[in-house]
Each structure stands twice: as structure tokens, then as C-alpha cells.
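Okay, so here's the structure we're looking at.
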Amino acid sequence: MISFIIWNGGPEILSFGSFSLRWYGLLFALGFLISQQILYYIYRQEGKPEKDVDTLTIYMVVATILGARLGHVIFYQPELFWTDPLSIILPFEFSPFKFTGLQGLASHGGAFGILFALWLYSNYRIHFSKADVALEGQVGHEGKAKKKIRRGIFVEKIKKEGQSYMQVLDRIVILVALTGALIRFGNFFNSEIIGKPSDNNPLSVVFINRVTEGLLDYRVQSNPAESIKVEKNEELPAGAHGRVPLNMYVFFKQGTSTEQATQFLNGDMKYFLSYYSEFVDEPGTEPLKYQIITETSGTLAARVSTFGIARHPAQLYESISCVILFIVLFLMWKKDKEKLPPGRIFGVFMIVLWSLRFVYEFLKENQVSFEDQLPINMGQILSIPLFIAGILILIWSYRNTSANNSNPS
């Protein structure tokens, strides 16, 4: 028996014309919604004003999306700044119009965005206000100066009791771990951030959904395919570098002729199998291996023999790790709550998360081609300073606690 899992789930939940609801977007939003409810619970337990949770949620959502998007462009696609700047902030394409979401989000960028946003939240209050301003040299009735209402954005320096920068970070990173788990699960649905080929690993996954999605969504009137089923082919041995044999069963629409089925297999089927070379190992120079079958209903079906590429499900490795990290951090907070030394949870989070990220990158394919020339990839390079920051913060936390214990007030 060849050990691997076939992933043929679709990234879309449903679609309306050019708009589609995708699992990634749903899980992304769900992460923030669940995190908000947990943060309400934390603030109630510590006797902090719950209204601050709403403000924090806004800061987190904006900082995560903007930071992750800008981080991806700066670290991986800086050429977008001068070739296609609108694509950096617009979640859709114009010709033809299609809602795409923000294509490319970097977790390191999201981390930097969150760090800055929470510093802003902890030290300043940004609010909108209006005021009556006297107009110089203009006098109205009864000799009074004319006034005009002016609105503006005001930044006010503040200090929140029990919500210093480090204390806020300690609570927020608990939720970041949970949200990160859901986002990585969304990456799995999208068949992105894929792992390297894995030989005879029972946890390895063949991501075939991009191929079947392309074939079934291939928008031409002559497309005869109705559904596609993918199974392991136990009759052939597995090859090296994760190469595993597959049978793809194509079920054609009622009335499809043998000639139409043959044209589809030799044309569209062969094209998509060759095009998605990161998921399927189908030699482009050799003819497609298939057999057309007539079913009892009279409709046609075809069994296509090809090879998929079994890979490490790196997205699931990270997702499961983030769930475990969330549980550990939450229990750390649960034990001491508001008495927890500042920086303790944040330091542990930074050390564990970014060291795991560094290790998991060895199991993942590089995201952009220039990383192939680097001794370690961009994800690892960016993880190093965050890991070091975690060590320094944890040392500071323990030293600060020792100093307070030796000098009680």
C-alpha cells in the first residue's frame, strides 16, 4: 500500500457571479471573531473595561491585513510598487472584473503590523472630533465672530491602568496563535504554501484540487466534463521525490461523443496536468495514458493514469502547532491572570512560534524564485530577529520579576 492522502477539496464554499466565498476568507474572519470572544472573557476575568476589546479588535484586524499585505510585497514582490501598485491594496481584478481578495499575505509582515498597532493602542488614543472655530476678521450679528465647525483626527497621549504595551501583547499573542492556526488551515484549502515532496509518508498529501478545479471551471461551451474523481493506483509502484501513481476518473456529460471525449482528454486534460507541475508529474512530451469506458447509463467516462506529487502538509503542521501553542499560552494566563509578570507570555510565544517557523521552512517549497539562491529562505531570515527578540523579552521579564521580589514596596 502506498501511503499518502489525496486532497481534492475545493477552495470555494459558494459563488455568485464574479464573487465567491472561499474557505480561506471564512477561516480568516472566524479567527478574529473567536479571538474577540476570548478577549472579552480575559478582560472580564481581569476586571478591565470590555469596551476596550472592540477598539483592540479594530486595531488587530487593520494591522494584520495591512501589515501582512505590505510585508508580502516588501519581502517577496517589491516590483509591484512600480509595476502594479493598485494590486497591492485592491481585492479584485478589472478585466474581466473578478473578486480575488488580497493575493499574498506574509505572516512576518502581519507580526510587525500588530506590534506597531498595539504600541499605538497602549500609548495613544486616536479619535475624531469637531469644534467651533472663530473665523478671523468675520463678524456676524450682535458683533460676535462668525464660527465654522471643523472636524479632525486627534492623537492624545494616554496611560491605561493594567494595559501597558507588554501586558497587552501578553494577552493578544494568545489569540494570535489561534488565529494563525485557522489561517494556515485556510492555506491548506487553497493548496498554497505547500511542502516539499515526501516519500512513503502516511501524512503526505497530493494536492490535486487545483487540477480538477481548472478542468471543471474551464469556461468553454464545448467542455464536456461533468465531474472528476481521483484515486490511488495500487497497480504501479511509487517513484522517487514523492512521485505516486494516480487514477483520475473523468465522467462526461450526457450526450458527449467518443470524439469529444478524446479531444478533451488529449487537449484540456493534458494541458492542465502538464501546467500544474508542482502538483502533478505528467510529462508534457508523452501522450496521455487513458481508457474511455461506456457506463451502464450510456454516458462516457475515462480512466486517466498519471502521477501526483505527495508533499509534506506544511500548512497542517503549522496549524496544529499553533493550536497547541494557543492552549499552552492560555493555560499560562489562566494560572496567574492579571498577576502574570509582563512579557512572560509574549516572550514564550515569540520563541516557540518563530523557532517552529524556522524549522518548518526546511519542509516547505520556496515562495519566490530568488529564495533559491539564498542559504536560507526569506521566512527563516525574518524569523531570526523575532526569535532573538523573544529571548531578550523573556530574560527581561524574569529579571524584572526578580528585582520586584527583592525590593518589595
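FYI, nothing fancy with the C-alpha cells labels: chains A, B, ... in order, residues from 1 per chain, ligands from 1 as they appear.
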- If you count only C-alpha atoms, which residues fall within 7 Å of stretch 206-215 of chain A, apart from same-chain ones fewer than 3 positions away, as number ranges by chain? A: 5-10, 191, 218, 228, 269, 272-273, 276, 279, 308-311
- What separation in Å, quoted to one decimal, exists between atom CA of A:Leu39 and atom CA of A:Leu386? 24.0 Å
- Find the spatial neighbours of A:Gly284, counting only C-alpha atoms, within a cut-off of 8 Å - ignore same-chain residues fewer than 3 positions away - and output them as an MDAnalysis selection string. chainID A and resid 270 274 287
- Taking only C-alpha atoms into account, which of A:Leu175, A:Glu46, A:Gly390, A:Pro78 comes nearest A:Leu33? A:Leu175
- Query: For A:Lys232, which of A:Phe307, A:Tyr398, A:Phe252, A:Tyr59 is the closest residue, counting only C-alpha atoms?
  - Reply: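 Answer, going by the shortest atom-to-atom distance: A:Phe307.
Counting only C-alpha atoms, A:Glu295 has the following residues at most 12 Å away, ignoring those fewer than 2 positions along the same chain: Val250, Phe251, Phe252, Lys253, Gln254, Ile292, Ile293, Ser297, Gly298, Thr299, Leu300, Ala301 and Ala302 of chain A.
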Would you put the residues from that selection into a file with C-alpha atoms, as a PDB file, in the first residue's frame?
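Dumped to selection06.pdb:
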ATOM      1  CA  VAL A 250     -13.484  11.776 -15.737  1.00  0.00           C
ATOM      2  CA  PHE A 251     -17.273  11.485 -16.036  1.00  0.00           C
ATOM      3  CA  PHE A 252     -18.669  13.158 -19.140  1.00  0.00           C
ATOM      4  CA  LYS A 253     -21.980  14.898 -19.641  1.00  0.00           C
ATOM      5  CA  GLN A 254     -24.925  13.130 -21.213  1.00  0.00           C
ATOM      6  CA  ILE A 292     -12.563   5.529 -22.381  1.00  0.00           C
ATOM      7  CA  ILE A 293     -15.368   3.490 -20.802  1.00  0.00           C
ATOM      8  CA  SER A 297     -26.348   4.534 -18.323  1.00  0.00           C
ATOM      9  CA  GLY A 298     -24.836   5.053 -21.767  1.00  0.00           C
ATOM     10  CA  THR A 299     -22.680   8.021 -20.750  1.00  0.00           C
ATOM     11  CA  LEU A 300     -18.934   8.011 -21.207  1.00  0.00           C
ATOM     12  CA  ALA A 301     -16.199   8.002 -18.595  1.00  0.00           C
ATOM     13  CA  ALA A 302     -12.412   7.856 -18.838  1.00  0.00           C
TER      14      ALA A 302
END
- Item | Surrounding residues of A:Pro245 excluding itself and chain neighbours under 2 positions, 12 Å, only C-alpha atoms, as a VMD selection string | chain A and resid 1 to 4 6 206 230 to 240 242 to 243 247 to 248 280 to 282 304 to 310
Output C-alpha atoms for every residue in that selection, as a PDB file, in the first residue's frame.
ATOM      1  CA  MET A   1       0.000   0.000   0.000  1.00  0.00           C
ATOM      2  CA  ILE A   2       1.266   3.460  -0.923  1.00  0.00           C
ATOM      3  CA  SER A   3       0.880   5.868   1.999  1.00  0.00           C
ATOM      4  CA  PHE A   4      -0.441   9.321   1.134  1.00  0.00           C
ATOM      5  CA  ILE A   6      -5.407  12.815  -1.796  1.00  0.00           C
ATOM      6  CA  VAL A 206      -1.272  15.049  -3.050  1.00  0.00           C
ATOM      7  CA  VAL A 230      -9.228  10.780  -8.064  1.00  0.00           C
ATOM      8  CA  GLU A 231      -7.966   7.532  -6.518  1.00  0.00           C
ATOM      9  CA  LYS A 232      -4.672   5.824  -5.760  1.00  0.00           C
ATOM     10  CA  ASN A 233      -3.375   3.465  -8.424  1.00  0.00           C
ATOM     11  CA  GLU A 234      -2.134   0.428  -6.496  1.00  0.00           C
ATOM     12  CA  GLU A 235      -1.065  -1.361  -9.676  1.00  0.00           C
ATOM     13  CA  LEU A 236       2.000   0.830 -10.193  1.00  0.00           C
ATOM     14  CA  PRO A 237       4.934   1.446  -7.832  1.00  0.00           C
ATOM     15  CA  ALA A 238       5.727   4.855  -6.381  1.00  0.00           C
ATOM     16  CA  GLY A 239       8.695   6.785  -7.728  1.00  0.00           C
ATOM     17  CA  ALA A 240      11.299   8.991  -6.096  1.00  0.00           C
ATOM     18  CA  GLY A 242       7.098  11.917  -3.782  1.00  0.00           C
ATOM     19  CA  ARG A 243       6.006  10.643  -7.205  1.00  0.00           C
ATOM     20  CA  ASN A 247      -6.139   7.165 -11.455  1.00  0.00           C
ATOM     21  CA  MET A 248      -8.292  10.138 -12.420  1.00  0.00           C
ATOM     22  CA  VAL A 280       1.252  16.501 -10.824  1.00  0.00           C
ATOM     23  CA  ASP A 281       4.170  14.827 -12.582  1.00  0.00           C
ATOM     24  CA  GLU A 282       2.782  14.466 -16.116  1.00  0.00           C
ATOM     25  CA  VAL A 304      -6.570   8.581 -16.850  1.00  0.00           C
ATOM     26  CA  SER A 305      -3.293   7.265 -15.423  1.00  0.00           C
ATOM     27  CA  THR A 306      -0.842   9.880 -14.178  1.00  0.00           C
ATOM     28  CA  PHE A 307       1.470  10.609 -11.257  1.00  0.00           C
ATOM     29  CA  GLY A 308       0.819  13.036  -8.423  1.00  0.00           C
ATOM     30  CA  ILE A 309       3.431  14.547  -6.113  1.00  0.00           C
ATOM     31  CA  ALA A 310       2.966  13.642  -2.443  1.00  0.00           C
TER      32      ALA A 310
END
- Message: Rounded to one decimal, what separation in Å do you get between atom CA of A:Phe362 and atom CA of A:Leu382?
- Response: 14.2 Å
- Among A:Leu182, A:Ile58, A:Leu169, A:Leu392, A:Trp119 is approached most closely, using only C-alpha atoms, by A:Leu169
- Atomic separation - atom CA of A:Ile172 relative to atom CA of A:Thr57, Å: 9.9 Å
- Per DSSP on the backbone, filter stretch 291-363 of chain A down to the residues in helix (DSSP H, G or I) and report them as a VMD selection string. chain A and resid 314 to 339 344 to 363
